[in-house]
>>> print(open('final-v6.pdb').read())   # PDB, C-alpha atoms
ATOM      1  CA  ASP A 880      14.447  -5.503  -7.690  1.00  0.00           C
ATOM      2  CA  ARG A 881      11.440  -3.880  -6.058  1.00  0.00           C
ATOM      3  CA  VAL A 882       8.225  -3.053  -7.827  1.00  0.00           C
ATOM      4  CA  GLY A 883       9.010   0.653  -7.342  1.00  0.00           C
ATOM      5  CA  LEU A 884       5.662   1.716  -5.965  1.00  0.00           C
ATOM      6  CA  GLN A 885       5.105   5.301  -4.982  1.00  0.00           C
ATOM      7  CA  TYR A 886       3.854   6.205  -1.522  1.00  0.00           C
ATOM      8  CA  GLN A 887       1.220   8.454  -3.077  1.00  0.00           C
ATOM      9  CA  GLU A 888      -0.555   5.303  -4.249  1.00  0.00           C
ATOM     10  CA  THR A 889      -0.912   3.957  -0.748  1.00  0.00           C
ATOM     11  CA  THR A 890      -1.153   7.226   1.170  1.00  0.00           C
ATOM     12  CA  PRO A 891      -2.812  10.061  -0.705  1.00  0.00           C
ATOM     13  CA  LEU A 892      -2.535  13.565   0.692  1.00  0.00           C
ATOM     14  CA  LEU A 893      -6.042  14.069   1.925  1.00  0.00           C
ATOM     15  CA  THR A 894      -7.659  17.478   1.962  1.00  0.00           C
ATOM     16  CA  GLY A 895      -9.259  18.382   5.232  1.00  0.00           C
ATOM     17  CA  HIS A 896      -6.659  16.441   7.203  1.00  0.00           C
ATOM     18  CA  GLN A 897      -3.728  18.785   6.897  1.00  0.00           C
ATOM     19  CA  ASP A 898      -4.134  21.155   9.833  1.00  0.00           C
ATOM     20  CA  LYS A 899      -1.912  19.961  12.671  1.00  0.00           C
ATOM     21  CA  ALA A 900      -4.126  21.753  15.210  1.00  0.00           C
ATOM     22  CA  GLU A 901      -7.204  19.664  14.454  1.00  0.00           C
ATOM     23  CA  ALA A 902      -8.096  16.446  16.241  1.00  0.00           C
ATOM     24  CA  ARG A 903      -5.918  13.623  14.995  1.00  0.00           C
ATOM     25  CA  ASP A 904      -7.398  10.586  13.325  1.00  0.00           C
ATOM     26  CA  ALA A 905      -5.744   7.856  11.266  1.00  0.00           C
ATOM     27  CA  ARG A 906      -6.180   9.751   8.005  1.00  0.00           C
ATOM     28  CA  SER A 907      -4.579  12.896   9.398  1.00  0.00           C
ATOM     29  CA  TYR A 908      -1.590  10.867  10.585  1.00  0.00           C
ATOM     30  CA  ALA A 909      -1.346   9.227   7.151  1.00  0.00           C
ATOM     31  CA  ALA A 910      -1.481  12.638   5.454  1.00  0.00           C
ATOM     32  CA  GLU A 911       1.285  13.801   7.770  1.00  0.00           C
ATOM     33  CA  ALA A 912       3.302  10.680   6.875  1.00  0.00           C
ATOM     34  CA  ALA A 913       2.941  11.570   3.183  1.00  0.00           C
ATOM     35  CA  ARG A 914       4.178  15.094   3.908  1.00  0.00           C
ATOM     36  CA  CYS A 915       7.127  13.640   5.833  1.00  0.00           C
ATOM     37  CA  MET A 916       7.958  11.409   2.873  1.00  0.00           C
ATOM     38  CA  ALA A 917       7.761  14.365   0.499  1.00  0.00           C
ATOM     39  CA  GLY A 918      10.380  16.024   2.718  1.00  0.00           C
ATOM     40  CA  LEU A 919      12.425  12.781   2.915  1.00  0.00           C
ATOM     41  CA  ASP A 920      11.772  12.487   6.656  1.00  0.00           C
ATOM     42  CA  THR A 921      11.381   8.705   6.828  1.00  0.00           C
ATOM     43  CA  ASP A 922      11.640   8.620  10.618  1.00  0.00           C
ATOM     44  CA  GLY A 923       8.770  11.089  10.899  1.00  0.00           C
ATOM     45  CA  ALA A 924       6.726   9.079   8.405  1.00  0.00           C
ATOM     46  CA  LEU A 925       7.284   5.876  10.386  1.00  0.00           C
ATOM     47  CA  VAL A 926       6.063   7.550  13.572  1.00  0.00           C
ATOM     48  CA  CYS A 927       2.971   8.897  11.808  1.00  0.00           C
ATOM     49  CA  TYR A 928       2.085   5.478  10.382  1.00  0.00           C
ATOM     50  CA  GLU A 929       2.530   3.912  13.820  1.00  0.00           C
ATOM     51  CA  GLU A 930       0.188   6.503  15.324  1.00  0.00           C
ATOM     52  CA  ALA A 931      -2.358   5.930  12.542  1.00  0.00           C
ATOM     53  CA  LEU A 932      -2.224   2.161  13.032  1.00  0.00           C
ATOM     54  CA  ALA A 933      -2.681   2.581  16.774  1.00  0.00           C
ATOM     55  CA  LEU A 934      -6.059   4.132  15.910  1.00  0.00           C
ATOM     56  CA  GLU A 935      -6.987   1.786  13.032  1.00  0.00           C
ATOM     57  CA  PRO A 936      -4.930  -1.397  13.455  1.00  0.00           C
ATOM     58  CA  GLU A 937      -6.839  -3.366  10.804  1.00  0.00           C
ATOM     59  CA  SER A 938      -6.851  -0.755   8.034  1.00  0.00           C
ATOM     60  CA  GLY A 939      -5.600  -2.449   4.882  1.00  0.00           C
ATOM     61  CA  TRP A 940      -4.439   0.715   3.165  1.00  0.00           C
ATOM     62  CA  LEU A 941      -2.540   1.876   6.269  1.00  0.00           C
ATOM     63  CA  LEU A 942      -0.900  -1.522   6.697  1.00  0.00           C
ATOM     64  CA  ASP A 943       0.062  -1.477   2.997  1.00  0.00           C
ATOM     65  CA  ALA A 944       1.506   2.036   3.184  1.00  0.00           C
ATOM     66  CA  TYR A 945       3.476   1.331   6.359  1.00  0.00           C
ATOM     67  CA  GLY A 946       4.645  -2.028   5.037  1.00  0.00           C
ATOM     68  CA  SER A 947       5.779  -0.431   1.760  1.00  0.00           C
ATOM     69  CA  LEU A 948       7.837   2.146   3.597  1.00  0.00           C
ATOM     70  CA  LEU A 949       9.335  -0.474   5.912  1.00  0.00           C
ATOM     71  CA  ALA A 950      10.267  -2.713   2.982  1.00  0.00           C
ATOM     72  CA  ASP A 951      11.849   0.157   1.087  1.00  0.00           C
ATOM     73  CA  LEU A 952      13.875   1.016   4.192  1.00  0.00           C
ATOM     74  CA  GLY A 953      15.098  -2.580   4.431  1.00  0.00           C
ATOM     75  CA  ARG A 954      13.081  -3.486   7.527  1.00  0.00           C
ATOM     76  CA  ILE A 955      11.937  -6.664   5.878  1.00  0.00           C
ATOM     77  CA  GLU A 956      10.668  -8.704   8.842  1.00  0.00           C
ATOM     78  CA  LYS A 957       8.447  -5.913  10.095  1.00  0.00           C
ATOM     79  CA  ALA A 958       7.239  -5.148   6.560  1.00  0.00           C
ATOM     80  CA  TYR A 959       6.396  -8.813   6.068  1.00  0.00           C
ATOM     81  CA  GLY A 960       4.278  -8.737   9.224  1.00  0.00           C
ATOM     82  CA  MET A 961       2.402  -5.647   8.047  1.00  0.00           C
ATOM     83  CA  PHE A 962       1.591  -7.223   4.683  1.00  0.00           C
ATOM     84  CA  GLU A 963       0.507 -10.500   6.303  1.00  0.00           C
ATOM     85  CA  LYS A 964      -1.840  -8.602   8.591  1.00  0.00           C
ATOM     86  CA  SER A 965      -3.164  -6.555   5.657  1.00  0.00           C
ATOM     87  CA  ILE A 966      -3.894  -9.747   3.726  1.00  0.00           C
ATOM     88  CA  GLU A 967      -5.712 -11.117   6.760  1.00  0.00           C
ATOM     89  CA  CYS A 968      -7.723  -7.939   7.470  1.00  0.00           C
ATOM     90  CA  ASP A 969      -8.413  -6.594   3.987  1.00  0.00           C
ATOM     91  CA  PRO A 970      -7.387  -9.111   1.308  1.00  0.00           C
ATOM     92  CA  ASP A 971      -9.010  -7.491  -1.710  1.00  0.00           C
ATOM     93  CA  SER A 972      -8.225  -3.823  -1.110  1.00  0.00           C
ATOM     94  CA  SER A 973      -5.013  -3.573  -3.107  1.00  0.00           C
ATOM     95  CA  HIS A 974      -2.514  -5.466  -5.210  1.00  0.00           C
ATOM     96  CA  ILE A 975       0.403  -3.702  -3.501  1.00  0.00           C
ATOM     97  CA  LYS A 976       0.592  -6.051  -0.509  1.00  0.00           C
ATOM     98  CA  TYR A 977       0.755  -9.068  -2.806  1.00  0.00           C
ATOM     99  CA  MET A 978       3.446  -7.624  -5.049  1.00  0.00           C
ATOM    100  CA  TYR A 979       5.667  -6.854  -2.077  1.00  0.00           C
ATOM    101  CA  MET A 980       4.941 -10.249  -0.507  1.00  0.00           C
ATOM    102  CA  ALA A 981       5.871 -11.939  -3.797  1.00  0.00           C
ATOM    103  CA  GLN A 982       9.297 -10.351  -3.498  1.00  0.00           C
ATOM    104  CA  LEU A 983       9.681 -11.179   0.196  1.00  0.00           C
ATOM    105  CA  THR A 984       8.434 -14.771   0.081  1.00  0.00           C
ATOM    106  CA  PRO A 985      10.415 -17.613  -1.479  1.00  0.00           C
ATOM    107  CA  GLY A 986       9.046 -20.513  -3.478  1.00  0.00           C
ATOM    108  CA  GLU A 987       5.508 -21.381  -4.404  1.00  0.00           C
ATOM    109  CA  ARG A 988       3.959 -19.058  -1.820  1.00  0.00           C
ATOM    110  CA  GLY A 989       5.787 -16.106  -3.381  1.00  0.00           C
ATOM    111  CA  ILE A 990       4.534 -17.091  -6.817  1.00  0.00           C
ATOM    112  CA  ALA A 991       0.995 -17.401  -5.425  1.00  0.00           C
ATOM    113  CA  MET A 992       1.276 -13.877  -3.984  1.00  0.00           C
ATOM    114  CA  TYR A 993       2.388 -12.545  -7.350  1.00  0.00           C
ATOM    115  CA  ARG A 994      -0.534 -14.263  -9.087  1.00  0.00           C
ATOM    116  CA  ARG A 995      -3.006 -12.882  -6.530  1.00  0.00           C
ATOM    117  CA  GLY A 996      -1.733  -9.345  -7.101  1.00  0.00           C
ATOM    118  CA  ILE A 997      -2.047  -9.780 -10.865  1.00  0.00           C
ATOM    119  CA  SER A 998      -5.569 -11.166 -10.419  1.00  0.00           C
ATOM    120  CA  LEU A 999      -6.643  -8.116  -8.399  1.00  0.00           C
ATOM    121  CA  LEU A1000      -5.276  -5.777 -11.053  1.00  0.00           C
ATOM    122  CA  GLU A1001      -7.054  -7.685 -13.817  1.00  0.00           C
ATOM    123  CA  SER A1002     -10.309  -7.435 -11.839  1.00  0.00           C
ATOM    124  CA  ARG A1003      -9.836  -3.677 -11.341  1.00  0.00           C
ATOM    125  CA  ARG A1004      -9.229  -3.205 -15.060  1.00  0.00           C
ATOM    126  CA  ALA A1005     -12.344  -5.227 -15.958  1.00  0.00           C
ATOM    127  CA  GLU A1006     -14.477  -3.304 -13.426  1.00  0.00           C
ATOM    128  CA  SER A1007     -13.258   0.026 -14.807  1.00  0.00           C
ATOM    129  CA  SER A1008     -13.976  -1.077 -18.379  1.00  0.00           C
ATOM    130  CA  GLN A1009     -17.507  -2.137 -17.455  1.00  0.00           C
ATOM    131  CA  ARG A1010     -18.138   1.267 -15.870  1.00  0.00           C
ATOM    132  CA  ALA A1011     -16.742   2.963 -18.993  1.00  0.00           C
ATOM    133  CA  ASP A1012     -14.094   4.547 -16.785  1.00  0.00           C
ATOM    134  CA  GLU A1013     -11.342   4.989 -19.364  1.00  0.00           C
ATOM    135  CA  GLY A1014      -8.943   6.652 -16.920  1.00  0.00           C
ATOM    136  CA  GLY A1015      -9.380   3.902 -14.353  1.00  0.00           C
ATOM    137  CA  ALA A1016      -8.984   1.174 -16.953  1.00  0.00           C
ATOM    138  CA  ARG A1017      -5.864   2.837 -18.349  1.00  0.00           C
ATOM    139  CA  ASP A1018      -4.390   3.221 -14.848  1.00  0.00           C
ATOM    140  CA  ALA A1019      -5.136  -0.428 -14.025  1.00  0.00           C
ATOM    141  CA  SER A1020      -3.620  -1.513 -17.344  1.00  0.00           C
ATOM    142  CA  LEU A1021      -0.411   0.417 -16.665  1.00  0.00           C
ATOM    143  CA  LYS A1022      -0.136  -1.074 -13.184  1.00  0.00           C
ATOM    144  CA  LEU A1023      -0.818  -4.502 -14.631  1.00  0.00           C
ATOM    145  CA  CYS A1024       1.976  -4.075 -17.190  1.00  0.00           C
ATOM    146  CA  THR A1025       4.376  -2.960 -14.476  1.00  0.00           C
ATOM    147  CA  ALA A1026       3.403  -5.862 -12.239  1.00  0.00           C
ATOM    148  CA  LYS A1027       3.849  -8.428 -15.004  1.00  0.00           C
ATOM    149  CA  CYS A1028       7.320  -7.066 -15.709  1.00  0.00           C
ATOM    150  CA  ALA A1029       8.336  -7.279 -12.034  1.00  0.00           C
TER     151      ALA A1029
END
>>> encode(input="final-v6.pdb", output="structure tokens")
Amino acid sequence: DRVGLQYQETTPLLTGHQDKAEARDARSYAAEAARCMAGLDTDGALVCYEEALALEPESGWLLDAYGSLLADLGRIEKAYGMFEKSIECDPDSSHIKYMYMAQLTPGERGIAMYRRGISLLESRRAESSQRADEGGARDASLKLCTAKCA
């Protein structure tokens, strides 16, 4: 059973990147991918993520978003590669890559991925608490609960 992550977590709709006539950068392609997903156009979203990654091939959040979509579409080998690259390029940016990898990786390595994802969430919650960011701490706590139940 998958963690059930939402694409909005990995690819927010970004203001200022929504006019198709403007010059395209990775964020505008990612925003377009999010719009495609909102319209259930997974093929369009895949193309947009590929275009974004052509511009920023080592972007952790793009690799996570593309990998999440690939995994949810059952394209496991390609998703696995995206998450591996994300871990290599941007290991501390998000727990999402680790939670997916925990599900895709058997044995001790899968368990280690799960633990790493949990550790990142615990760190985010502690950082938010120290900053007195109640909303951030609450969000991190909810994600932590979901992750521990996965």
>>> resolve_selection(input="final-v6.pdb", expression="the PyMOL selection byres ((chain A and resi 924) around 12)", output="VMD selection string")
chain A and resid 886 890 907 to 923 925 to 931 941 944 to 949 952
>>> residues_around(input="final-v6.pdb", residues="Tyr993 (chain A)", least_positions_apart="3", cutoff="6 Å", atoms="all atoms listed in the file", output="MDAnalysis selection string")
chainID A and resid 977:978 981 990 996
>>> closest_residue(input="final-v6.pdb", among="A:Cys968, A:Leu1000, A:Glu1006, A:Gly960", to="Thr984 (chain A)", atoms="all atoms listed in the file")
A:Gly960
>>> closest_residue(input="final-v6.pdb", among="A:Pro936, A:His974, A:Ala1026, A:Arg994", to="Met961 (chain A)", atoms="only C-alpha atoms")
A:Pro936
>>> closest_residue(input="final-v6.pdb", among="A:Ser1002, A:Ser938, A:Gln982, A:Ser1008", to="Tyr959 (chain A)", atoms="all atoms listed in the file")
A:Gln982
>>> atom_distance(input="final-v6.pdb", atom1="CA of Ala991 (chain A)", atom2="CA of Ile966 (chain A)")
12.9 Å
>>> atom_distance(input="final-v6.pdb", atom1="CA of Phe962 (chain A)", atom2="CA of Gly989 (chain A)")
12.7 Å
>>> atom_distance(input="final-v6.pdb", atom1="CA of Glu935 (chain A)", atom2="CA of Ile975 (chain A)")
18.9 Å
>>> closest_residue(input="final-v6.pdb", among="A:Ile955, A:Leu942, A:Ala1011, A:Leu932", to="Lys976 (chain A)", atoms="all atoms listed in the file")
A:Leu942
>>> axis_aligned_box(input="final-v6.pdb", around="region 964-970 of chain A", padding_each_side="8 Å", output="JSON")
{"center_x": -5.1, "center_y": -8.8, "center_z": 4.9, "size_x": 22.6, "size_y": 20.6, "size_z": 23.3}
>>> closest_residue(input="final-v6.pdb", among="A:Pro985, A:Asp1018, A:Thr1025, A:Ala950", to="Ile997 (chain A)", atoms="only C-alpha atoms")
A:Thr1025
